[in-house]
file final_32.csv (CSV, C-alpha atoms and all ligand atoms)
chain,number,residue,atom,x,y,z
A,1,MET,CA,-30.8,6.2,-32.8
A,2,ILE,CA,-27.9,3.8,-33.1
A,3,GLU,CA,-25.2,4.4,-35.6
A,4,LEU,CA,-23.4,1.3,-37.1
A,5,THR,CA,-21.8,0.4,-40.4
A,6,ILE,CA,-22.8,-2.6,-42.6
A,7,ASP,CA,-20.4,-3.4,-45.5
A,8,GLY,CA,-18.7,0.0,-44.9
A,9,ARG,CA,-21.9,2.1,-45.2
A,10,ALA,CA,-23.2,4.0,-42.2
A,11,PHE,CA,-26.8,3.6,-41.0
A,12,HIS,CA,-28.9,4.9,-38.2
A,13,VAL,CA,-31.4,2.5,-36.7
A,14,PRO,CA,-33.7,2.5,-33.6
A,15,PRO,CA,-32.5,0.5,-30.6
A,16,GLY,CA,-33.5,-3.2,-30.6
A,17,VAL,CA,-33.4,-3.7,-34.3
A,18,SER,CA,-31.4,-6.8,-35.5
A,19,VAL,CA,-28.6,-6.5,-37.9
A,20,MET,CA,-30.6,-8.6,-40.3
A,21,ASP,CA,-33.6,-6.2,-40.2
A,22,ALA,CA,-31.3,-3.1,-40.4
A,23,ALA,CA,-29.6,-4.6,-43.5
A,24,ARG,CA,-32.8,-5.6,-45.2
A,25,ALA,CA,-34.3,-2.1,-44.5
A,26,ASN,CA,-31.4,-0.6,-46.3
A,27,GLY,CA,-31.4,-3.0,-49.3
A,28,ILE,CA,-28.7,-5.4,-48.2
A,29,ASP,CA,-29.8,-9.0,-48.6
A,30,ILE,CA,-28.2,-11.4,-46.0
A,31,PRO,CA,-28.9,-15.0,-46.9
A,32,HIS,CA,-31.4,-16.6,-44.6
A,33,LEU,CA,-33.7,-19.6,-44.4
A,34,CYS,CA,-35.2,-19.8,-41.0
A,35,TYR,CA,-35.6,-16.0,-40.6
A,36,HIS,CA,-39.0,-14.5,-41.6
A,37,PRO,CA,-39.6,-10.8,-40.9
A,38,GLU,CA,-42.9,-11.3,-39.2
A,39,LEU,CA,-41.9,-14.2,-37.0
A,40,SER,CA,-39.6,-14.8,-34.0
A,41,THR,CA,-36.0,-15.7,-34.8
A,42,PRO,CA,-34.7,-19.1,-33.5
A,43,GLY,CA,-31.4,-18.7,-35.2
A,44,GLY,CA,-31.5,-22.3,-36.4
A,45,CYS,CA,-30.1,-22.4,-40.0
A,46,ARG,CA,-27.0,-20.2,-39.4
A,47,LEU,CA,-27.0,-19.1,-43.0
A,48,CYS,CA,-27.2,-15.5,-42.0
A,49,LEU,CA,-23.8,-15.4,-40.3
A,50,VAL,CA,-22.0,-12.1,-40.5
A,51,GLU,CA,-18.6,-10.9,-39.2
A,52,VAL,CA,-18.5,-8.2,-36.5
A,53,GLU,CA,-15.3,-6.2,-36.0
A,54,GLY,CA,-13.8,-7.2,-32.6
A,55,ARG,CA,-15.5,-10.5,-32.4
A,56,ALA,CA,-13.6,-13.7,-33.1
A,57,ASP,CA,-16.4,-15.8,-34.7
A,58,PRO,CA,-19.2,-14.9,-37.1
A,59,VAL,CA,-22.6,-14.3,-35.5
A,60,PRO,CA,-26.2,-15.0,-36.9
A,61,SER,CA,-27.4,-11.6,-37.9
A,62,CYS,CA,-31.1,-12.4,-37.3
A,63,GLN,CA,-30.3,-12.7,-33.6
A,64,LEU,CA,-27.8,-9.9,-33.3
A,65,PRO,CA,-29.1,-6.5,-32.1
A,66,CYS,CA,-27.5,-3.5,-33.6
A,67,ALA,CA,-25.1,-1.7,-31.2
A,68,GLU,CA,-23.5,1.8,-31.3
A,69,GLY,CA,-20.3,1.8,-33.4
A,70,MET,CA,-20.8,-1.8,-34.6
A,71,ALA,CA,-19.0,-2.6,-37.8
A,72,VAL,CA,-20.6,-5.5,-39.7
A,73,ARG,CA,-19.5,-7.4,-42.8
A,74,THR,CA,-22.0,-9.5,-44.6
A,75,GLN,CA,-19.7,-10.8,-47.4
A,76,SER,CA,-16.2,-12.3,-47.1
A,77,GLU,CA,-14.4,-15.5,-48.2
A,78,GLN,CA,-14.8,-17.0,-44.8
A,79,LEU,CA,-18.6,-16.3,-44.8
A,80,SER,CA,-19.0,-17.7,-48.3
A,81,ALA,CA,-17.2,-20.9,-47.3
A,82,MET,CA,-19.3,-21.2,-44.2
A,83,ARG,CA,-22.6,-20.6,-46.1
A,84,ARG,CA,-21.5,-23.1,-48.8
A,85,GLU,CA,-20.9,-25.7,-46.1
A,86,ILE,CA,-24.3,-25.1,-44.5
A,87,ILE,CA,-26.0,-25.4,-47.9
A,88,ASP,CA,-24.0,-28.6,-48.6
A,89,LEU,CA,-25.4,-30.0,-45.3
A,90,PHE,CA,-28.9,-29.0,-46.2
A,91,VAL,CA,-28.8,-30.6,-49.6
A,92,SER,CA,-27.3,-33.8,-48.2
A,93,ASP,CA,-30.8,-34.8,-47.2
A,94,HIS,CA,-32.8,-32.9,-49.9
A,95,PRO,CA,-33.7,-34.5,-53.2
A,96,LEU,CA,-32.5,-31.5,-55.3
A,97,ASP,CA,-34.9,-32.4,-58.1
A,98,CYS,CA,-35.4,-28.7,-59.0
A,99,VAL,CA,-35.9,-29.6,-62.7
A,100,ILE,CA,-39.4,-31.1,-61.8
A,101,CYS,CA,-40.2,-29.2,-58.7
A,102,ASP,CA,-43.2,-26.9,-58.7
A,103,LYS,CA,-41.4,-24.5,-56.3
A,104,ALA,CA,-38.4,-23.9,-58.6
A,105,GLY,CA,-37.9,-20.2,-59.1
A,106,ALA,CA,-39.5,-19.3,-55.7
A,107,CYS,CA,-37.4,-21.7,-53.5
A,108,LEU,CA,-34.9,-20.1,-51.1
A,109,LEU,CA,-32.8,-23.3,-50.9
A,110,GLN,CA,-32.5,-23.4,-54.6
A,111,LYS,CA,-31.7,-19.6,-54.7
A,112,TYR,CA,-28.8,-20.0,-52.3
A,113,ALA,CA,-27.5,-23.3,-53.7
A,114,TYR,CA,-27.3,-21.4,-57.1
A,115,GLU,CA,-25.7,-18.3,-55.5
A,116,TYR,CA,-23.1,-20.3,-53.6
A,117,GLY,CA,-22.5,-22.8,-56.4
A,118,VAL,CA,-23.7,-26.0,-54.6
A,119,SER,CA,-25.0,-28.4,-57.2
A,120,GLU,CA,-24.7,-31.5,-55.0
A,121,THR,CA,-23.7,-32.5,-51.6
A,122,SER,CA,-20.1,-33.6,-50.7
A,123,TYR,CA,-21.5,-35.8,-48.0
A,124,ASP,CA,-23.2,-39.2,-48.3
A,125,LYS,CA,-26.7,-38.4,-49.6
A,126,HIS,CA,-29.5,-39.6,-47.3
A,127,ILE,CA,-33.1,-38.5,-47.6
A,128,ALA,CA,-34.2,-38.8,-44.0
A,129,ARG,CA,-37.8,-37.9,-44.4
A,130,SER,CA,-39.9,-39.6,-47.1
A,131,LEU,CA,-43.4,-39.0,-45.7
A,132,TYR,CA,-45.9,-37.6,-48.2
A,133,GLN,CA,-49.1,-36.5,-46.5
A,134,ASP,CA,-52.1,-35.8,-48.7
A,135,ASP,CA,-54.7,-35.6,-46.1
A,136,ASN,CA,-56.7,-32.4,-46.6
A,137,PRO,CA,-58.3,-30.6,-49.6
A,138,PHE,CA,-56.0,-27.6,-49.4
A,139,PHE,CA,-52.3,-28.4,-49.3
A,140,VAL,CA,-49.9,-31.3,-49.3
A,141,ARG,CA,-47.0,-32.0,-47.0
A,142,ASP,CA,-44.0,-33.5,-48.8
A,143,HIS,CA,-41.5,-34.0,-46.0
A,144,GLN,CA,-38.5,-34.9,-48.2
A,145,TYR,CA,-38.3,-31.2,-49.2
A,146,CYS,CA,-38.5,-30.0,-45.6
A,147,ILE,CA,-35.4,-28.3,-44.2
A,148,LEU,CA,-36.8,-28.0,-40.7
A,149,CYS,CA,-36.5,-24.2,-40.7
A,150,GLY,CA,-39.5,-24.1,-38.3
A,151,ARG,CA,-41.3,-21.2,-40.0
A,152,CYS,CA,-44.5,-23.2,-40.4
A,153,VAL,CA,-44.5,-24.0,-36.7
A,154,ARG,CA,-43.9,-20.5,-35.6
A,155,VAL,CA,-46.5,-18.9,-37.9
A,156,CYS,CA,-49.1,-21.4,-36.7
A,157,GLU,CA,-48.3,-20.6,-33.0
A,158,GLU,CA,-47.3,-16.9,-33.1
A,159,VAL,CA,-49.6,-15.5,-35.8
A,160,VAL,CA,-52.5,-17.9,-36.2
A,161,GLY,CA,-52.6,-19.1,-32.6
A,162,ALA,CA,-53.6,-22.6,-33.6
A,163,SER,CA,-50.4,-24.4,-32.6
A,164,ALA,CA,-51.4,-27.3,-34.8
A,165,ILE,CA,-47.9,-28.5,-35.7
A,166,GLU,CA,-44.6,-29.0,-34.0
A,167,ILE,CA,-41.1,-30.3,-34.8
A,168,VAL,CA,-40.9,-33.7,-33.2
A,169,GLY,CA,-38.2,-36.4,-33.0
A,170,ARG,CA,-34.4,-36.0,-32.9
A,171,GLY,CA,-31.7,-36.0,-35.5
A,172,PHE,CA,-32.7,-37.6,-38.8
A,173,ASP,CA,-36.0,-38.5,-37.3
A,174,SER,CA,-37.0,-34.9,-36.8
A,175,HIS,CA,-40.0,-33.8,-38.7
A,176,VAL,CA,-43.0,-31.4,-38.6
A,177,ALA,CA,-46.0,-33.2,-37.2
A,178,THR,CA,-49.5,-32.8,-35.9
A,179,PRO,CA,-50.2,-34.4,-32.5
A,180,PHE,CA,-49.5,-38.1,-32.9
A,181,ASP,CA,-48.7,-37.5,-36.6
A,182,GLY,CA,-52.4,-37.7,-37.3
A,183,PRO,CA,-54.2,-36.1,-40.3
A,184,MET,CA,-54.5,-32.3,-40.3
A,185,ILE,CA,-58.2,-32.5,-40.0
A,186,ASP,CA,-57.9,-34.1,-36.6
A,187,SER,CA,-55.5,-31.4,-35.3
A,188,SER,CA,-56.3,-27.8,-34.3
A,189,CYS,CA,-55.5,-26.6,-37.8
A,190,VAL,CA,-57.9,-24.0,-39.2
A,191,PHE,CA,-56.6,-24.4,-42.8
A,192,CYS,CA,-55.5,-20.8,-43.1
A,193,GLY,CA,-52.5,-21.9,-45.3
A,194,SER,CA,-50.2,-19.4,-43.6
A,195,CYS,CA,-47.6,-22.3,-43.1
A,196,VAL,CA,-47.8,-22.9,-46.8
A,197,GLN,CA,-47.1,-19.3,-47.6
A,198,VAL,CA,-44.0,-19.0,-45.3
A,199,CYS,CA,-42.5,-22.3,-46.2
A,200,PRO,CA,-39.3,-21.6,-48.2
A,201,THR,CA,-39.2,-24.9,-50.1
A,202,ALA,CA,-41.7,-27.3,-51.7
A,203,ALA,CA,-42.4,-29.1,-48.4
A,204,LEU,CA,-45.8,-27.4,-48.2
A,205,MET,CA,-47.6,-26.7,-51.4
A,206,PRO,CA,-51.2,-25.6,-52.3
A,207,ARG,CA,-52.8,-28.7,-53.9
A,208,SER,CA,-54.4,-26.6,-56.6
A,209,ARG,CA,-51.0,-25.7,-58.1
A,210,LEU,CA,-49.3,-29.1,-58.2
A,211,GLY,CA,-48.2,-29.9,-61.7
A,212,GLN,CA,-49.8,-26.7,-63.1
A,213,GLY,CA,-46.7,-24.7,-63.9
A,214,ARG,CA,-43.7,-23.2,-62.2
A,215,GLU,CA,-43.1,-19.7,-60.9
A,216,TRP,CA,-42.0,-18.2,-64.2
A,217,ASP,CA,-45.1,-19.6,-65.9
A,218,LEU,CA,-47.5,-17.9,-63.6
A,219,GLU,CA,-49.1,-14.4,-64.0
A,220,ARG,CA,-49.7,-12.4,-60.8
A,221,VAL,CA,-52.8,-10.3,-60.1
A,222,GLU,CA,-53.1,-8.2,-57.0
A,223,THR,CA,-56.5,-7.4,-55.5
A,224,ILE,CA,-58.4,-7.0,-52.2
A,225,CYS,CA,-60.1,-10.0,-50.7
A,226,GLY,CA,-63.8,-9.4,-50.9
A,227,TYR,CA,-64.9,-11.7,-48.1
A,228,CYS,CA,-65.0,-9.3,-45.2
A,229,GLY,CA,-64.4,-5.7,-44.1
A,230,VAL,CA,-60.7,-6.3,-43.1
A,231,GLY,CA,-59.8,-6.0,-46.8
A,232,CYS,CA,-56.7,-8.1,-46.9
A,233,GLN,CA,-54.4,-7.6,-49.8
A,234,ILE,CA,-54.3,-10.8,-51.9
A,235,GLU,CA,-52.4,-12.0,-54.9
A,236,TYR,CA,-53.7,-14.6,-57.3
A,237,ALA,CA,-51.4,-16.7,-59.3
A,238,LEU,CA,-52.9,-17.5,-62.7
A,239,ARG,CA,-52.1,-19.5,-65.7
A,240,ASP,CA,-54.0,-19.1,-68.9
A,241,GLY,CA,-56.5,-16.9,-67.0
A,242,ARG,CA,-57.2,-19.7,-64.5
A,243,ILE,CA,-56.5,-19.0,-60.8
A,244,LEU,CA,-54.1,-21.6,-59.4
A,245,TYR,CA,-53.7,-20.4,-55.9
A,246,ALA,CA,-54.0,-17.3,-53.7
A,247,GLN,CA,-51.5,-15.8,-51.3
A,248,SER,CA,-51.2,-12.6,-49.3
A,249,THR,CA,-49.4,-9.9,-51.1
A,250,PRO,CA,-45.9,-9.9,-49.5
A,251,GLY,CA,-45.5,-6.8,-47.3
A,252,ALA,CA,-49.3,-6.1,-47.3
A,253,PRO,CA,-49.8,-3.4,-44.6
A,254,VAL,CA,-53.2,-4.7,-43.5
A,255,ASN,CA,-52.5,-8.4,-43.3
A,256,GLY,CA,-48.7,-9.0,-43.6
A,257,GLU,CA,-48.3,-12.4,-45.3
A,258,PHE,CA,-51.4,-13.9,-43.7
A,259,LEU,CA,-54.9,-14.7,-44.9
A,260,CYS,CA,-57.7,-16.7,-43.4
A,261,SER,CA,-59.0,-19.8,-45.1
A,262,LYS,CA,-61.8,-18.0,-47.0
A,263,GLY,CA,-59.4,-15.6,-48.7
A,264,ARG,CA,-56.7,-18.2,-49.4
A,265,TYR,CA,-58.9,-21.0,-50.6
A,266,GLY,CA,-62.3,-19.6,-51.4
A,267,TRP,CA,-61.6,-18.2,-54.8
A,268,ASP,CA,-63.2,-20.8,-57.1
A,269,PHE,CA,-66.4,-18.7,-57.3
A,270,ALA,CA,-64.5,-16.3,-59.5
A,271,THR,CA,-64.7,-18.5,-62.6
A,272,HIS,CA,-67.5,-20.8,-61.6
A,273,PRO,CA,-70.1,-21.3,-64.3
A,274,ASP,CA,-73.0,-20.6,-61.8
A,275,ARG,CA,-71.6,-17.1,-61.0
A,276,LEU,CA,-74.1,-14.4,-61.8
A,277,ALA,CA,-72.3,-12.0,-64.2
A,278,ARG,CA,-75.2,-9.8,-65.3
A,279,PRO,CA,-78.1,-8.2,-63.5
A,280,LEU,CA,-81.4,-10.2,-63.6
A,281,ILE,CA,-85.0,-9.2,-63.1
A,282,ARG,CA,-87.9,-11.5,-62.3
A,283,ARG,CA,-89.6,-12.8,-65.4
A,284,ASP,CA,-93.1,-11.6,-64.4
A,285,VAL,CA,-91.7,-8.0,-64.0
A,286,ALA,CA,-89.8,-8.3,-67.2
A,287,TYR,CA,-93.0,-9.4,-69.0
A,288,ARG,CA,-94.9,-6.5,-67.6
A,289,LEU,CA,-92.2,-4.1,-68.9
A,290,GLY,CA,-92.1,-5.8,-72.3
A,291,LEU,CA,-88.6,-7.2,-71.9
A,292,THR,CA,-89.7,-10.7,-72.6
A,293,ASP,CA,-92.5,-12.3,-74.7
A,294,GLU,CA,-92.9,-15.2,-72.3
A,295,PRO,CA,-95.5,-14.7,-69.5
A,296,TRP,CA,-94.7,-16.2,-66.1
A,297,GLU,CA,-96.5,-16.5,-62.9
A,298,LEU,CA,-94.8,-16.0,-59.5
A,299,PRO,CA,-94.8,-19.4,-57.8
A,300,ASP,CA,-95.8,-19.8,-54.1
A,301,GLU,CA,-92.2,-20.7,-53.1
A,302,SER,CA,-89.4,-18.1,-53.3
A,303,PRO,CA,-88.4,-17.4,-56.9
A,304,LEU,CA,-84.8,-17.6,-55.6
A,305,ASP,CA,-85.1,-21.3,-54.8
A,306,THR,CA,-82.1,-22.9,-56.4
A,307,GLY,CA,-82.2,-25.9,-58.7
A,308,GLU,CA,-81.2,-26.9,-62.2
A,309,GLY,CA,-82.3,-24.2,-64.7
A,310,VAL,CA,-84.3,-22.3,-62.1
A,311,ILE,CA,-82.5,-19.0,-62.6
A,312,GLU,CA,-82.9,-19.1,-66.4
A,313,GLU,CA,-86.6,-20.0,-66.0
A,314,ARG,CA,-87.5,-17.3,-63.4
A,315,PHE,CA,-85.2,-14.4,-64.3
A,316,VAL,CA,-84.3,-12.4,-67.4
A,317,PRO,CA,-80.9,-10.8,-67.9
A,318,VAL,CA,-81.0,-7.1,-68.5
A,319,ASP,CA,-78.5,-4.2,-68.7
A,320,TRP,CA,-77.6,-2.2,-65.6
A,321,ASP,CA,-79.6,0.9,-66.5
A,322,THR,CA,-82.8,-1.2,-66.8
A,323,ALA,CA,-82.1,-3.1,-63.6
A,324,LEU,CA,-81.4,0.1,-61.6
A,325,HIS,CA,-84.5,1.7,-63.0
A,326,VAL,CA,-86.7,-1.3,-62.1
A,327,ALA,CA,-85.2,-1.3,-58.5
A,328,ALA,CA,-85.7,2.4,-58.0
A,329,ASP,CA,-89.2,2.3,-59.3
A,330,GLY,CA,-90.1,-0.6,-57.0
A,331,LEU,CA,-88.6,1.1,-54.0
A,332,ALA,CA,-90.4,4.4,-54.7
A,333,ARG,CA,-93.8,2.8,-55.2
A,334,THR,CA,-93.4,0.8,-51.9
A,335,VAL,CA,-92.3,3.8,-49.9
A,336,GLN,CA,-95.2,5.9,-51.4
A,337,ALA,CA,-97.8,3.2,-50.6
A,338,HIS,CA,-96.5,2.0,-47.2
A,339,GLY,CA,-94.0,4.5,-45.8
A,340,PRO,CA,-90.2,4.3,-45.6
A,341,ASP,CA,-90.1,1.6,-42.9
A,342,ALA,CA,-91.7,-0.8,-45.3
A,343,VAL,CA,-88.3,-1.4,-46.9
A,344,MET,CA,-85.0,-2.4,-45.5
A,345,GLY,CA,-81.4,-2.3,-46.8
A,346,LEU,CA,-78.9,-5.1,-46.5
A,347,SER,CA,-75.4,-4.0,-47.5
A,348,SER,CA,-72.4,-6.2,-48.4
A,349,ALA,CA,-69.0,-7.0,-47.0
A,350,ARG,CA,-67.8,-7.2,-50.5
A,351,CYS,CA,-68.3,-3.5,-51.0
A,352,THR,CA,-65.7,-0.9,-50.0
A,353,ASN,CA,-66.1,1.2,-46.9
A,354,GLU,CA,-67.0,4.1,-49.0
A,355,GLU,CA,-69.8,2.2,-50.8
A,356,ASN,CA,-71.2,1.0,-47.6
A,357,TYR,CA,-71.1,4.6,-46.2
A,358,LEU,CA,-73.0,5.8,-49.2
A,359,PHE,CA,-75.5,3.0,-48.9
A,360,GLN,CA,-76.4,3.8,-45.3
A,361,LYS,CA,-76.7,7.5,-46.3
A,362,PHE,CA,-79.0,6.6,-49.1
A,363,MET,CA,-81.2,4.4,-46.8
A,364,ARG,CA,-81.3,6.9,-43.9
A,365,ALA,CA,-81.4,10.3,-45.7
A,366,GLY,CA,-82.8,9.2,-49.1
A,367,ILE,CA,-85.4,6.6,-48.2
A,368,GLY,CA,-85.9,7.8,-44.6
A,369,THR,CA,-85.5,4.5,-42.7
A,370,ASN,CA,-83.1,3.0,-40.2
A,371,ASN,CA,-83.9,-0.5,-41.3
A,372,LEU,CA,-80.4,-1.3,-42.3
A,373,ASP,CA,-77.9,-4.1,-41.8
A,374,HIS,CA,-74.7,-5.5,-43.2
A,375,CYS,CA,-73.4,-9.0,-43.9
A,376,ALA,CA,-69.9,-8.6,-42.4
A,377,ARG,CA,-70.3,-11.7,-40.4
A,378,LEU,CA,-69.4,-14.3,-43.0
B,1,LIG,S1,-37.6,-27.5,-52.9
B,1,LIG,FE1,-36.2,-26.1,-53.8
B,1,LIG,S2,-34.2,-27.0,-53.8
B,1,LIG,FE2,-35.7,-28.6,-53.3
B,1,LIG,S3,-36.1,-29.5,-55.3
B,1,LIG,FE3,-37.7,-27.9,-55.1
B,1,LIG,S4,-36.8,-26.1,-56.0
B,1,LIG,FE4,-35.1,-27.5,-55.7
B,2,LIG,S1,-52.9,-24.1,-42.2
B,2,LIG,FE1,-52.8,-22.5,-40.6
B,2,LIG,S2,-53.6,-23.5,-38.7
B,2,LIG,FE2,-53.1,-25.1,-40.2
B,2,LIG,S3,-51.0,-25.8,-39.7
B,2,LIG,FE3,-50.9,-24.2,-41.2
B,2,LIG,S4,-50.6,-22.2,-40.1
B,2,LIG,FE4,-51.4,-23.8,-38.7
B,3,LIG,S1,-42.4,-27.6,-43.8
B,3,LIG,FE1,-41.5,-25.8,-44.8
B,3,LIG,S2,-41.7,-24.1,-43.3
B,3,LIG,FE2,-42.1,-26.1,-42.2
B,3,LIG,S3,-40.1,-26.6,-41.3
B,3,LIG,FE3,-40.3,-27.7,-43.3
B,3,LIG,S4,-39.3,-26.3,-44.7
B,3,LIG,FE4,-39.7,-25.1,-42.9
B,4,LIG,S1,-31.7,-16.8,-40.8
B,4,LIG,FE1,-30.5,-16.4,-39.1
B,4,LIG,S2,-30.1,-18.3,-38.3
B,4,LIG,FE2,-31.5,-18.8,-39.9
call {"tool": "encode", "arguments": {"input": "final_32.csv", "output": "structure tokens"}}
result
Amino acid sequence: MIELTIDGRAFHVPPGVSVMDAARANGIDIPHLCYHPELSTPGGCRLCLVEVEGRADPVPSCQLPCAEGMAVRTQSEQLSAMRREIIDLFVSDHPLDCVICDKAGACLLQKYAYEYGVSETSYDKHIARSLYQDDNPFFVRDHQYCILCGRCVRVCEEVVGASAIEIVGRGFDSHVATPFDGPMIDSSCVFCGSCVQVCPTAALMPRSRLGQGREWDLERVETICGYCGVGCQIEYALRDGRILYAQSTPGAPVNGEFLCSKGRYGWDFATHPDRLARPLIRRDVAYRLGLTDEPWELPDESPLDTGEGVIEERFVPVDWDTALHVAADGLARTVQAHGPDAVMGLSSARCTNEENYLFQKFMRAGIGTNNLDHCARL
């Protein structure tokens, strides 16, 4: 372990850890824009400068490995002045319309502008990037808010492996682009939305939340994504009980800050009017059991064929006890008449591991068949 001091406090850290990570692990927040804990560190924004005893000039802490006996200062008048200057430069080509911005309250640029008292730029204001790209169903790209931190580019390349976007151009012409600046759909983008999650400003925003409320208006609900067996931790942002968008729970041990497109954008089923919210049994079975007065004959085609009003016509809602009793009875009769291999079990990726374990146990030990499969290949 290496011993160093940060703001006068001694810490022990493993070799290879950056001063930024050592500080954050010990509750010291060093301002940063381009740094993201799960991505490489290009050291581009310079906001994370710190002073190191014995070195003439401040150094970016996200790129500075801890060293034995190092003495680091994260706050000083000199550092505050430098950070103020950096933010001043950032806002010289940033609209600063925080009063109408959906990202207000969650924007890192806004946070540091507030903390360092930068309300406007002292330079000539010039919004270099005005492109607004609304070319896919999932997120919009509003380049005037982009600070070219490069997080989106790095997450796409380093975590997702899609390399769909890159920073192109020089100087004021620099911007994040797909190949030939074409629509996202024509790039290698897989619409995972990871770039949207790591973007520190309003440059990348989920379409579903635009104009729907700002950070402090939204309620957060944490849950586990039900789409596959990975079980990513997911956080829904809701307003008035409606889901506005999903993101990975920051710091989630399974999936970090990343989700696939199903978890991030496939949540509209939750409140969809067609969602089955109660157990149903087929109308002819319900009639035989006296649960409905309306007789019904099983058609030649599958009773599960979809179509307007088909579910209501062919099925009857019942309570769970009744549904389980009917299912158990049907299984028992089939096994008695035709043997255990006459039935099969299909389990669900939306169940927990424990539930799936119990289900296979039930099929193998209870029913006595190995006819068993699982739908984890969504
Ligand atoms: S992106 Fe951030 S700094 Fe820019 S207008 Fe929105 S809240 Fe303000
Ligand atoms: S949505 Fe995913 S694949 Fe597409 S650009 Fe963003 S990070 Fe890359
Ligand atoms: S779009 Fe967002 S994440 Fe990408 S470079 Fe711009 S500000 Fe950074
Ligand atoms: S956070 Fe270190 S240089 Fe940007």
call {"tool": "closest_residue", "arguments": {"input": "final_32.csv", "among": "A:Phe90, A:Phe258, A:Tyr132, A:Tyr114", "to": "ligand LIG 2 (chain B)", "atoms": "all atoms listed in the file"}}
result
A:Phe258
call {"tool": "residues_near_point", "arguments": {"input": "final_32.csv", "point": "(-43.9, -2.1, -41.2)", "cutoff": "12 Å", "atoms": "only C-alpha atoms", "output": "VMD selection string"}}
result
chain A and resid 21 25 37 to 38 250 to 257
call {"tool": "residues_near_ligand", "arguments": {"input": "final_32.csv", "ligand": "ligand LIG 1 (chain B)", "cutoff": "12 Å", "atoms": "only C-alpha atoms and all ligand atoms", "output": "PyMOL selection string"}}
result
chain A and resi 33+87-88+90-114+118-120+127+141-147+199-205+214-215
call {"tool": "residues_around", "arguments": {"input": "final_32.csv", "residues": "segment 72-78 of chain A", "least_positions_apart": "3", "cutoff": "8 Å", "atoms": "only C-alpha atoms", "output": "list in words"}}
result
Leu4, Thr5, Ile6, Asp7, Gly8, Ile30, Leu49, Val50, Glu51, Val52, Glu53, Ala81 and Met82 of chain A
call {"tool": "residues_near_ligand", "arguments": {"input": "final_32.csv", "ligand": "ligand LIG 4 (chain B)", "cutoff": "12 Å", "atoms": "only C-alpha atoms and all ligand atoms", "output": "number ranges by chain"}}
result
A: 18-21, 29-37, 39-50, 58-64, 83, 86-87, 108-109, 147-151, 200
call {"tool": "residues_near_ligand", "arguments": {"input": "final_32.csv", "ligand": "ligand LIG 2 (chain B)", "cutoff": "10 Å", "atoms": "only C-alpha atoms and all ligand atoms", "output": "mmCIF file with C-alpha atoms, in the coordinates of the input"}}
result
data_model
loop_
_atom_site.group_PDB
_atom_site.id
_atom_site.type_symbol
_atom_site.label_atom_id
_atom_site.label_comp_id
_atom_site.auth_asym_id
_atom_site.auth_seq_id
_atom_site.Cartn_x
_atom_site.Cartn_y
_atom_site.Cartn_z
ATOM 1 C CA PHE A 138 -56.000 -27.600 -49.400
ATOM 2 C CA PHE A 139 -52.300 -28.400 -49.300
ATOM 3 C CA ARG A 151 -41.300 -21.200 -40.000
ATOM 4 C CA CYS A 152 -44.500 -23.200 -40.400
ATOM 5 C CA VAL A 153 -44.500 -24.000 -36.700
ATOM 6 C CA ARG A 154 -43.900 -20.500 -35.600
ATOM 7 C CA VAL A 155 -46.500 -18.900 -37.900
ATOM 8 C CA CYS A 156 -49.100 -21.400 -36.700
ATOM 9 C CA GLU A 157 -48.300 -20.600 -33.000
ATOM 10 C CA GLU A 158 -47.300 -16.900 -33.100
ATOM 11 C CA VAL A 159 -49.600 -15.500 -35.800
ATOM 12 C CA VAL A 160 -52.500 -17.900 -36.200
ATOM 13 C CA GLY A 161 -52.600 -19.100 -32.600
ATOM 14 C CA ALA A 162 -53.600 -22.600 -33.600
ATOM 15 C CA SER A 163 -50.400 -24.400 -32.600
ATOM 16 C CA ALA A 164 -51.400 -27.300 -34.800
ATOM 17 C CA ILE A 165 -47.900 -28.500 -35.700
ATOM 18 C CA GLU A 166 -44.600 -29.000 -34.000
ATOM 19 C CA VAL A 176 -43.000 -31.400 -38.600
ATOM 20 C CA ALA A 177 -46.000 -33.200 -37.200
ATOM 21 C CA THR A 178 -49.500 -32.800 -35.900
ATOM 22 C CA MET A 184 -54.500 -32.300 -40.300
ATOM 23 C CA ILE A 185 -58.200 -32.500 -40.000
ATOM 24 C CA SER A 187 -55.500 -31.400 -35.300
ATOM 25 C CA SER A 188 -56.300 -27.800 -34.300
ATOM 26 C CA CYS A 189 -55.500 -26.600 -37.800
ATOM 27 C CA VAL A 190 -57.900 -24.000 -39.200
ATOM 28 C CA PHE A 191 -56.600 -24.400 -42.800
ATOM 29 C CA CYS A 192 -55.500 -20.800 -43.100
ATOM 30 C CA GLY A 193 -52.500 -21.900 -45.300
ATOM 31 C CA SER A 194 -50.200 -19.400 -43.600
ATOM 32 C CA CYS A 195 -47.600 -22.300 -43.100
ATOM 33 C CA VAL A 196 -47.800 -22.900 -46.800
ATOM 34 C CA GLN A 197 -47.100 -19.300 -47.600
ATOM 35 C CA VAL A 198 -44.000 -19.000 -45.300
ATOM 36 C CA CYS A 199 -42.500 -22.300 -46.200
ATOM 37 C CA LEU A 204 -45.800 -27.400 -48.200
ATOM 38 C CA PHE A 258 -51.400 -13.900 -43.700
ATOM 39 C CA LEU A 259 -54.900 -14.700 -44.900
ATOM 40 C CA CYS A 260 -57.700 -16.700 -43.400
ATOM 41 C CA SER A 261 -59.000 -19.800 -45.100
#
call {"tool": "atom_distance", "arguments": {"input": "final_32.csv", "atom1": "atom CA of Asn136 of chain A", "atom2": "atom CA of Asp217 of chain A"}}
result
25.9 Å
call {"tool": "closest_residue", "arguments": {"input": "final_32.csv", "among": "A:Val168, A:Ala22, A:Gly27, A:Tyr123", "to": "ligand LIG 3 (chain B)", "atoms": "only C-alpha atoms and all ligand atoms"}}
result
A:Val168
